[in-house]
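Peer 1: Data: upload_30.txt, compact mmCIF, C-alpha atoms.
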```
# COMPACT_ATOMS: atom_id res chain seq x y z
CA VAL A 1 -0.63 -45.27 -217.14
CA ALA A 2 -2.81 -48.23 -218.18
CA ALA A 3 -4.36 -46.08 -220.92
CA GLY A 4 -0.95 -45.04 -222.26
CA SER A 5 -1.35 -41.32 -221.51
CA LEU A 6 1.83 -41.03 -219.43
CA SER A 7 4.72 -43.19 -218.30
CA LEU A 8 4.85 -44.95 -214.96
CA ALA A 9 7.89 -42.84 -213.99
CA ASP A 10 6.00 -39.60 -214.66
CA ALA A 11 2.96 -40.93 -212.79
CA VAL A 12 5.05 -41.68 -209.70
CA LYS A 13 6.47 -38.16 -209.76
CA LEU A 14 2.99 -36.66 -210.08
CA VAL A 15 1.67 -38.73 -207.18
CA GLU A 16 4.56 -37.61 -204.98
CA ARG A 17 4.13 -33.93 -205.89
CA ARG A 18 0.37 -34.11 -205.46
CA GLY A 19 0.74 -35.51 -201.96
CA GLN A 20 3.24 -32.81 -201.00
CA LEU A 21 1.01 -30.00 -202.22
CA MET A 22 -2.07 -31.41 -200.50
CA GLN A 23 -0.23 -31.64 -197.20
CA GLU A 24 1.09 -28.09 -197.56
CA ALA A 25 -2.35 -26.67 -198.40
CA VAL A 26 -3.80 -27.29 -194.93
CA PRO A 27 -1.63 -27.41 -191.79
CA ALA A 28 -1.88 -30.64 -189.79
CA GLY A 29 -4.80 -30.64 -187.40
CA GLN A 30 -6.78 -27.90 -189.13
CA GLY A 31 -8.73 -30.11 -191.55
CA GLY A 32 -10.78 -33.25 -191.24
CA MET A 33 -12.87 -35.87 -192.99
CA ALA A 34 -15.73 -38.09 -191.86
CA ALA A 35 -17.71 -41.02 -193.22
CA ILE A 36 -21.49 -40.74 -193.17
CA LEU A 37 -23.43 -44.00 -193.44
CA GLY A 38 -27.13 -44.61 -193.90
CA LEU A 39 -28.20 -41.14 -194.98
CA GLU A 40 -29.50 -39.80 -198.30
CA ASP A 41 -27.10 -37.61 -200.29
CA ALA A 42 -29.46 -34.65 -200.04
CA ASP A 43 -29.48 -34.87 -196.25
CA VAL A 44 -25.69 -34.95 -196.13
CA LEU A 45 -25.51 -31.89 -198.38
CA ALA A 46 -28.03 -30.06 -196.20
CA ALA A 47 -26.11 -30.91 -193.02
CA CYS A 48 -22.87 -29.57 -194.55
CA ALA A 49 -24.54 -26.35 -195.71
CA GLU A 50 -25.96 -25.80 -192.22
CA ALA A 51 -22.68 -26.62 -190.48
CA ALA A 52 -20.41 -24.45 -192.64
CA GLN A 53 -21.00 -21.15 -190.82
CA GLY A 54 -18.43 -19.38 -192.96
CA GLU A 55 -15.99 -22.32 -193.03
CA VAL A 56 -15.47 -25.07 -195.58
CA VAL A 57 -17.26 -28.41 -195.24
CA SER A 58 -18.79 -30.39 -198.09
CA ALA A 59 -19.62 -33.86 -199.37
CA VAL A 60 -16.51 -35.05 -201.21
CA ASN A 61 -16.86 -38.78 -201.89
CA PHE A 62 -20.11 -40.28 -203.14
CA ASN A 63 -18.86 -43.82 -202.67
CA SER A 64 -22.12 -45.76 -202.87
CA PRO A 65 -25.78 -45.22 -202.09
CA GLY A 66 -25.90 -44.43 -198.38
CA GLN A 67 -22.14 -43.93 -198.01
CA VAL A 68 -20.77 -40.41 -198.35
CA VAL A 69 -17.54 -38.85 -197.07
CA ILE A 70 -17.38 -35.20 -196.03
CA ALA A 71 -14.33 -32.96 -195.66
CA GLY A 72 -13.32 -29.45 -194.69
CA ALA A 73 -12.21 -27.38 -191.72
CA LYS A 74 -12.00 -29.48 -188.56
CA ALA A 75 -14.64 -27.59 -186.55
CA ALA A 76 -17.05 -27.45 -189.49
CA VAL A 77 -16.69 -31.21 -190.08
CA GLU A 78 -17.46 -31.83 -186.41
CA ARG A 79 -20.62 -29.72 -186.68
CA ALA A 80 -21.64 -31.55 -189.86
CA ILE A 81 -21.18 -34.91 -188.11
CA GLU A 82 -23.65 -33.84 -185.44
CA GLY A 83 -26.01 -32.52 -188.12
CA CYS A 84 -25.94 -35.85 -189.95
CA LYS A 85 -26.61 -37.75 -186.75
CA ALA A 86 -29.58 -35.49 -186.05
CA ARG A 87 -30.93 -36.28 -189.53
CA GLY A 88 -30.82 -40.01 -188.84
CA ALA A 89 -27.42 -41.22 -190.06
CA LYS A 90 -26.67 -44.78 -188.92
CA ARG A 91 -23.04 -43.83 -188.38
CA ALA A 92 -21.06 -40.60 -188.66
CA MET A 93 -17.42 -41.02 -187.76
CA PRO A 94 -14.21 -39.00 -188.22
CA LEU A 95 -11.56 -40.54 -190.48
CA PRO A 96 -7.87 -40.73 -189.52
CA VAL A 97 -6.47 -38.73 -192.44
CA SER A 98 -3.88 -35.96 -192.62
CA VAL A 99 -5.59 -33.74 -195.22
CA PRO A 100 -9.20 -32.86 -196.13
CA SER A 101 -9.23 -34.18 -199.69
CA HIS A 102 -11.52 -33.13 -202.56
CA CYS A 103 -12.84 -29.94 -200.94
CA GLU A 104 -12.23 -26.23 -201.58
CA LEU A 105 -9.34 -26.20 -199.12
CA MET A 106 -7.38 -28.12 -201.77
CA ARG A 107 -7.84 -25.49 -204.51
CA PRO A 108 -4.42 -23.86 -203.77
CA ALA A 109 -2.81 -27.28 -204.14
CA ALA A 110 -4.47 -27.69 -207.54
CA GLU A 111 -3.22 -24.30 -208.69
CA HIS A 112 0.37 -25.29 -207.89
CA PHE A 113 -0.13 -28.81 -209.24
CA ALA A 114 -0.98 -27.32 -212.63
CA GLU A 115 2.73 -26.66 -213.19
CA SER A 116 3.54 -30.35 -212.74
CA ILE A 117 0.68 -31.42 -215.01
CA ALA A 118 1.87 -29.02 -217.72
CA ALA A 119 5.43 -30.41 -217.54
CA ILE A 120 4.39 -33.95 -218.51
CA ASP A 121 4.50 -35.26 -222.07
CA TRP A 122 0.90 -36.43 -222.32
CA GLN A 123 -0.45 -38.77 -224.97
CA ALA A 124 -4.04 -39.38 -226.02
CA PRO A 125 -5.49 -42.36 -224.09
CA GLN A 126 -5.39 -45.62 -226.05
CA ILE A 127 -8.50 -46.84 -224.21
CA PRO A 128 -11.40 -44.90 -222.64
CA VAL A 129 -10.74 -43.46 -219.17
CA VAL A 130 -13.67 -42.53 -216.93
CA GLN A 131 -12.55 -39.69 -214.67
CA ASN A 132 -14.28 -39.71 -211.33
CA VAL A 133 -14.58 -35.94 -211.02
CA SER A 134 -16.86 -35.82 -214.08
CA ALA A 135 -18.00 -39.47 -214.27
CA GLN A 136 -17.38 -39.19 -218.01
CA VAL A 137 -14.76 -40.04 -220.61
CA PRO A 138 -12.86 -36.82 -221.38
CA ALA A 139 -13.30 -35.50 -224.91
CA ASP A 140 -9.63 -34.56 -225.31
CA LEU A 141 -6.29 -34.26 -223.53
CA GLU A 142 -6.99 -30.75 -222.27
CA THR A 143 -10.16 -31.97 -220.58
CA LEU A 144 -8.30 -34.94 -219.11
CA LYS A 145 -5.64 -32.65 -217.59
CA ARG A 146 -8.25 -30.19 -216.32
CA ASP A 147 -10.13 -33.02 -214.64
CA LEU A 148 -6.95 -34.18 -212.90
CA LEU A 149 -6.61 -30.73 -211.35
CA GLU A 150 -10.26 -30.33 -210.41
CA GLN A 151 -10.19 -33.77 -208.79
CA LEU A 152 -8.17 -32.28 -205.94
CA TYR A 153 -10.94 -29.91 -204.82
CA LYS A 154 -14.14 -31.38 -206.28
CA PRO A 155 -16.09 -34.48 -205.18
CA VAL A 156 -15.34 -38.03 -206.25
CA ARG A 157 -18.48 -39.15 -208.13
CA TRP A 158 -17.82 -42.85 -207.74
CA VAL A 159 -21.42 -44.07 -208.00
CA GLU A 160 -21.89 -42.24 -211.30
CA SER A 161 -18.49 -43.41 -212.56
CA VAL A 162 -19.36 -47.08 -212.05
CA GLN A 163 -22.75 -46.49 -213.66
CA THR A 164 -21.03 -44.88 -216.65
CA LEU A 165 -18.77 -47.90 -217.03
CA ALA A 166 -21.73 -50.27 -216.84
CA ALA A 167 -23.66 -48.23 -219.41
CA LYS A 168 -20.67 -48.52 -221.77
CA GLY A 169 -20.58 -52.30 -221.33
CA ALA A 170 -17.71 -52.51 -218.84
CA THR A 171 -19.29 -54.77 -216.24
CA ASN A 172 -16.32 -56.97 -215.32
CA LEU A 173 -14.28 -54.75 -213.02
CA VAL A 174 -10.86 -55.36 -211.54
CA GLU A 175 -9.57 -53.75 -208.34
CA CYS A 176 -5.79 -53.42 -208.40
CA GLY A 177 -3.90 -53.32 -205.11
CA PRO A 178 -4.54 -54.54 -201.57
CA GLY A 179 -7.97 -54.65 -200.00
CA LYS A 180 -11.50 -55.01 -201.33
CA VAL A 181 -12.90 -51.53 -200.75
CA LEU A 182 -13.98 -50.93 -204.33
CA ALA A 183 -15.49 -54.40 -204.74
CA GLY A 184 -17.78 -53.70 -201.82
CA LEU A 185 -18.78 -50.30 -203.18
CA ASN A 186 -19.28 -51.33 -206.80
CA LYS A 187 -21.95 -53.96 -206.20
CA ARG A 188 -24.12 -51.25 -204.64
CA CYS A 189 -23.53 -48.74 -207.44
CA ALA A 190 -24.84 -50.53 -210.54
CA GLU A 191 -26.70 -53.70 -211.48
CA GLY A 192 -24.85 -56.49 -213.24
CA VAL A 193 -21.37 -55.35 -212.17
CA SER A 194 -18.84 -57.81 -210.76
CA THR A 195 -15.42 -56.96 -209.31
CA SER A 196 -12.32 -59.12 -209.00
CA ASN A 197 -9.43 -58.30 -206.68
CA LEU A 198 -5.84 -58.39 -207.88
CA ASN A 199 -3.74 -58.49 -204.73
CA THR A 200 -0.83 -60.41 -206.28
CA PRO A 201 0.86 -60.89 -209.68
CA ASP A 202 -0.58 -64.42 -209.80
CA ALA A 203 -4.09 -63.06 -209.30
CA PHE A 204 -3.55 -60.62 -212.16
CA ALA A 205 -2.31 -63.35 -214.48
CA ALA A 206 -5.27 -65.55 -213.56
CA ALA A 207 -7.77 -62.76 -214.25
CA VAL A 208 -6.25 -62.01 -217.66
CA GLY A 209 -6.20 -65.69 -218.51
CA LEU A 210 -9.85 -66.06 -217.55
CA GLU A 211 -10.87 -63.11 -219.72
CA GLU A 212 -8.88 -64.46 -222.67
CA ARG A 213 -10.54 -67.86 -222.34
CA ARG A 214 -13.97 -66.22 -222.19
CA CYS A 215 -13.07 -64.27 -225.32
CA ARG A 216 -12.11 -67.46 -227.21
CA MET A 217 -15.29 -69.24 -226.09
CA ASN A 218 -17.44 -66.38 -227.33
CA THR A 219 -15.63 -66.45 -230.66
CA GLU A 220 -16.14 -70.20 -231.06
CA LEU A 221 -19.83 -70.01 -230.19
CA ALA A 222 -20.46 -67.12 -232.56
CA THR A 223 -18.51 -68.71 -235.39
CA ARG A 224 -20.65 -71.84 -235.20
CA GLU A 225 -23.72 -69.71 -235.82
CA ASP A 226 -22.21 -67.32 -238.35
CA PRO A 227 -18.54 -67.39 -239.43
CA ASN A 228 -18.78 -63.72 -240.38
CA VAL A 229 -19.32 -62.50 -236.83
CA GLY A 230 -16.37 -64.25 -235.25
CA ALA A 231 -14.23 -61.15 -235.09
CA ILE A 232 -16.96 -59.10 -233.44
CA ALA A 233 -17.82 -61.84 -230.96
CA SER A 234 -14.20 -62.02 -229.84
CA MET A 235 -14.66 -58.69 -228.08
CA PRO A 236 -16.99 -59.25 -225.09
CA ASN A 237 -17.82 -56.69 -222.43
CA ASP A 238 -14.88 -54.47 -221.63
CA LEU A 239 -12.79 -55.12 -218.55
CA ALA A 240 -12.47 -52.11 -216.27
CA ILE A 241 -9.23 -51.67 -214.36
CA MET A 242 -9.41 -49.54 -211.22
CA ARG A 243 -6.72 -48.31 -208.89
CA MET A 244 -6.44 -46.69 -205.49
CA GLU A 245 -3.95 -43.90 -204.94
CA ASN A 246 -3.15 -42.12 -201.66
CA ASP A 247 -6.32 -43.70 -200.20
CA ASN A 248 -8.39 -41.80 -202.79
CA ILE A 249 -10.18 -43.44 -205.68
CA MET A 250 -8.58 -41.87 -208.74
CA SER A 251 -9.56 -43.31 -212.07
CA LEU A 252 -10.76 -46.20 -214.18
CA ALA A 253 -9.65 -47.44 -217.56
CA ALA A 254 -11.83 -49.68 -219.70
CA ALA A 255 -9.88 -52.09 -221.90
CA ARG A 256 -10.90 -54.72 -224.40
CA PRO A 257 -9.50 -58.20 -223.68
CA SER A 258 -7.34 -57.85 -226.79
CA ASP A 259 -5.59 -54.90 -225.12
CA HIS A 260 -4.70 -56.71 -221.89
CA ALA A 261 -1.47 -58.35 -223.04
CA LYS A 262 -0.13 -55.09 -224.42
CA ILE A 263 -1.07 -53.17 -221.26
CA ARG A 264 0.59 -55.78 -219.08
CA ALA A 265 3.76 -55.84 -221.21
CA ASP A 266 3.98 -52.04 -221.25
CA LEU A 267 3.58 -51.82 -217.47
CA VAL A 268 6.24 -54.48 -216.85
CA ALA A 269 8.64 -52.69 -219.20
CA GLN A 270 8.05 -49.35 -217.48
CA ILE A 271 8.51 -50.87 -214.03
CA ASN A 272 11.79 -52.47 -215.07
CA ALA A 273 12.98 -49.24 -216.64
CA TYR A 274 12.04 -47.23 -213.56
```
Take the structure I supplied and represent it as structure tokens, if you would.

Peer 2:
Amino acid sequence: VAAGSLSLADAVKLVERRGQLMQEAVPAGQGGMAAILGLEDADVLAACAEAAQGEVVSAVNFNSPGQVVIAGAKAAVERAIEGCKARGAKRAMPLPVSVPSHCELMRPAAEHFAESIAAIDWQAPQIPVVQNVSAQVPADLETLKRDLLEQLYKPVRWVESVQTLAAKGATNLVECGPGKVLAGLNKRCAEGVSTSNLNTPDAFAAAVGLEERRCRMNTELATREDPNVGAIASMPNDLAIMRMENDNIMSLAAARPSDHAKIRADLVAQINAY
């Protein structure tokens, strides 16, 4: 939505349909997820491979170094928890969720979700979007839509996504919505990254105002040294806007400060229309 690829109304419909399909894919009580803390990624992967025994269990959220979430069939997840503990995990605890997200058990949901994705009038993103299933900016709309489907049954590569943003110059990140989960994760994912939390409309307005003031200051400083570089200096490091959806980290959009006012106005208009 922030990147202009689809309307807020269409996004809400997709979120609702996605949740329905995920819940239908695995009956309640048959799947599970668990958080593994203090263990190397390779050890978590090995524990899942050993615990599978013909069932599905895999690492599905690489949230930060030393923090991985696993998901799959309930019994297999329980075996993987014990395997992670045996390998030295500081903590390995089940999560109170209704569906095992981002694992192969969600592939049927993705296959049905493809119909809903195809029904949307998509537009090319106006700003770069880093999709967490690939940790890359999609090359085209078809790749963007494919990634949205694969995100249901493939891991969330959050560490790599934040590193991609930082490598592209987006080091001032903004977490939209309640809580500070992403702020805590981000500082462990990449050097030089800072995250602000936008829990209220006032906080959002303050963050935009701060970025605009920083933009003007950079322009003034650069113009004093060389009037010809003022326009370039007015575009400091991109601001990355992140959102949480259904308790799963979904996507990031990197926007230049000059884009913020338009994004904000478009979102307000879409909310009012909806």

Peer 1: If we count only C-alpha atoms and set the cut-off at 12 Å, which residues sit around Thr164 (chain A), ignoring sequence neighbours fewer than 6 positions away in its own chain? Please answer as a ChimeraX atom specification.

Peer 2: /A:128-132,134-137,157-158,170-171,186,189-191,193,240,252-254

Peer 1: Find the spatial neighbours of Ala118 (chain A), counting all atoms listed in the file, within a cut-off of 12 Å - ignore same-chain residues fewer than 3 positions away - and output them as a compact mmCIF listing (two decimals) with C-alpha atoms, in the frame of the given file.

Peer 2:
```
# COMPACT_ATOMS: atom_id res chain seq x y z
CA ASP A 10 6.00 -39.60 -214.66
CA LEU A 14 2.99 -36.66 -210.08
CA GLU A 111 -3.22 -24.30 -208.69
CA HIS A 112 0.37 -25.29 -207.89
CA PHE A 113 -0.13 -28.81 -209.24
CA ALA A 114 -0.98 -27.32 -212.63
CA GLU A 115 2.73 -26.66 -213.19
CA ASP A 121 4.50 -35.26 -222.07
CA TRP A 122 0.90 -36.43 -222.32
CA LEU A 141 -6.29 -34.26 -223.53
CA GLU A 142 -6.99 -30.75 -222.27
CA LEU A 144 -8.30 -34.94 -219.11
CA LYS A 145 -5.64 -32.65 -217.59
CA ARG A 146 -8.25 -30.19 -216.32
CA LEU A 148 -6.95 -34.18 -212.90
CA LEU A 149 -6.61 -30.73 -211.35
```

Peer 1: Given all atoms listed in the file as the basis, pick out the residue of A:Ala76, A:Arg87, A:Ala139, A:Asn63 nearest to Lys187 (chain A).

Peer 2: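 The shortest atom-to-atom distance to Lys187 (chain A) comes from A:Asn63.
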
Peer 1: Between A:Asn172, A:Gln126, A:Gln20, A:Ser98, which has the minimum distance to Ala2 (chain A) (counting all atoms listed in the file)?

Peer 2: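 Going through A:Asn172, A:Gln126, A:Gln20, A:Ser98 one by one, the smallest distance to Ala2 (chain A) is for A:Gln126.
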
Peer 1: What separation in Å, quoted to one decimal, exists between CA of Ser196 (chain A) and CA of Glu211 (chain A)?

Peer 2: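 So the two atoms, CA of Ser196 (chain A) and CA of Glu211 (chain A), lie 11.5 Å apart.
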
Peer 1: Any chance you could build region 34-63 of chain A out to N, CA and C atoms and write it as a JSON list (two decimals), in the coordinates of the input?

Peer 2:
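Here's the written file rebuild10.json:
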```json
[["chain", "number", "residue", "atom", "x", "y", "z"],
["A", 34, "ALA", "N", -14.87, -37.17, -192.60],
["A", 34, "ALA", "CA", -15.73, -38.09, -191.86],
["A", 34, "ALA", "C", -16.57, -38.91, -192.82],
["A", 35, "ALA", "N", -16.85, -40.14, -192.44],
["A", 35, "ALA", "CA", -17.71, -41.02, -193.22],
["A", 35, "ALA", "C", -19.12, -40.98, -192.66],
["A", 36, "ILE", "N", -20.08, -40.79, -193.56],
["A", 36, "ILE", "CA", -21.49, -40.74, -193.17],
["A", 36, "ILE", "C", -22.19, -41.94, -193.79],
["A", 37, "LEU", "N", -22.79, -42.78, -192.95],
["A", 37, "LEU", "CA", -23.43, -44.00, -193.44],
["A", 37, "LEU", "C", -24.92, -43.98, -193.15],
["A", 38, "GLY", "N", -25.69, -44.46, -194.11],
["A", 38, "GLY", "CA", -27.13, -44.61, -193.90],
["A", 38, "GLY", "C", -27.92, -43.33, -194.00],
["A", 39, "LEU", "N", -27.48, -42.40, -194.83],
["A", 39, "LEU", "CA", -28.20, -41.14, -194.98],
["A", 39, "LEU", "C", -28.26, -40.78, -196.46],
["A", 40, "GLU", "N", -29.37, -40.21, -196.90],
["A", 40, "GLU", "CA", -29.50, -39.80, -198.30],
["A", 40, "GLU", "C", -28.51, -38.68, -198.62],
["A", 41, "ASP", "N", -28.05, -38.64, -199.87],
["A", 41, "ASP", "CA", -27.10, -37.61, -200.29],
["A", 41, "ASP", "C", -27.62, -36.21, -199.98],
["A", 42, "ALA", "N", -28.88, -35.98, -200.25],
["A", 42, "ALA", "CA", -29.46, -34.65, -200.04],
["A", 42, "ALA", "C", -29.39, -34.23, -198.58],
["A", 43, "ASP", "N", -29.56, -35.18, -197.67],
["A", 43, "ASP", "CA", -29.48, -34.87, -196.25],
["A", 43, "ASP", "C", -28.06, -34.54, -195.84],
["A", 44, "VAL", "N", -27.09, -35.24, -196.42],
["A", 44, "VAL", "CA", -25.69, -34.95, -196.13],
["A", 44, "VAL", "C", -25.33, -33.54, -196.62],
["A", 45, "LEU", "N", -25.77, -33.22, -197.82],
["A", 45, "LEU", "CA", -25.51, -31.89, -198.38],
["A", 45, "LEU", "C", -26.13, -30.80, -197.52],
["A", 46, "ALA", "N", -27.35, -31.04, -197.04],
["A", 46, "ALA", "CA", -28.03, -30.06, -196.20],
["A", 46, "ALA", "C", -27.30, -29.89, -194.87],
["A", 47, "ALA", "N", -26.83, -30.98, -194.29],
["A", 47, "ALA", "CA", -26.11, -30.91, -193.02],
["A", 47, "ALA", "C", -24.81, -30.12, -193.18],
["A", 48, "CYS", "N", -24.12, -30.31, -194.30],
["A", 48, "CYS", "CA", -22.87, -29.57, -194.55],
["A", 48, "CYS", "C", -23.15, -28.08, -194.73],
["A", 49, "ALA", "N", -24.20, -27.76, -195.48],
["A", 49, "ALA", "CA", -24.54, -26.35, -195.71],
["A", 49, "ALA", "C", -24.87, -25.66, -194.38],
["A", 50, "GLU", "N", -25.58, -26.36, -193.52],
["A", 50, "GLU", "CA", -25.96, -25.80, -192.22],
["A", 50, "GLU", "C", -24.76, -25.65, -191.29],
["A", 51, "ALA", "N", -23.82, -26.60, -191.39],
["A", 51, "ALA", "CA", -22.68, -26.62, -190.48],
["A", 51, "ALA", "C", -21.54, -25.68, -190.89],
["A", 52, "ALA", "N", -21.54, -25.23, -192.14],
["A", 52, "ALA", "CA", -20.41, -24.45, -192.64],
["A", 52, "ALA", "C", -20.14, -23.19, -191.80],
["A", 53, "GLN", "N", -21.14, -22.36, -191.63],
["A", 53, "GLN", "CA", -21.00, -21.15, -190.82],
["A", 53, "GLN", "C", -19.75, -20.34, -191.19],
["A", 54, "GLY", "N", -19.56, -20.16, -192.49],
["A", 54, "GLY", "CA", -18.43, -19.38, -192.96],
["A", 54, "GLY", "C", -17.16, -20.18, -193.19],
["A", 55, "GLU", "N", -17.15, -21.46, -192.81],
["A", 55, "GLU", "CA", -15.99, -22.32, -193.03],
["A", 55, "GLU", "C", -16.30, -23.31, -194.16],
["A", 56, "VAL", "N", -15.30, -24.09, -194.52],
["A", 56, "VAL", "CA", -15.47, -25.07, -195.58],
["A", 56, "VAL", "C", -15.84, -26.43, -195.01],
["A", 57, "VAL", "N", -16.92, -27.00, -195.48],
["A", 57, "VAL", "CA", -17.26, -28.41, -195.24],
["A", 57, "VAL", "C", -18.23, -28.82, -196.34],
["A", 58, "SER", "N", -17.96, -29.95, -196.96],
["A", 58, "SER", "CA", -18.79, -30.39, -198.09],
["A", 58, "SER", "C", -18.70, -31.90, -198.26],
["A", 59, "ALA", "N", -19.66, -32.45, -199.00],
["A", 59, "ALA", "CA", -19.62, -33.86, -199.37],
["A", 59, "ALA", "C", -18.58, -34.04, -200.47],
["A", 60, "VAL", "N", -17.64, -34.96, -200.28],
["A", 60, "VAL", "CA", -16.51, -35.05, -201.21],
["A", 60, "VAL", "C", -16.33, -36.41, -201.86],
["A", 61, "ASN", "N", -16.93, -37.44, -201.29],
["A", 61, "ASN", "CA", -16.86, -38.78, -201.89],
["A", 61, "ASN", "C", -18.25, -39.41, -201.87],
["A", 62, "PHE", "N", -18.85, -39.57, -203.05],
["A", 62, "PHE", "CA", -20.11, -40.28, -203.14],
["A", 62, "PHE", "C", -19.77, -41.72, -203.50],
["A", 63, "ASN", "N", -19.44, -42.49, -202.46],
["A", 63, "ASN", "CA", -18.86, -43.82, -202.67],
["A", 63, "ASN", "C", -19.86, -44.87, -203.10]]
```
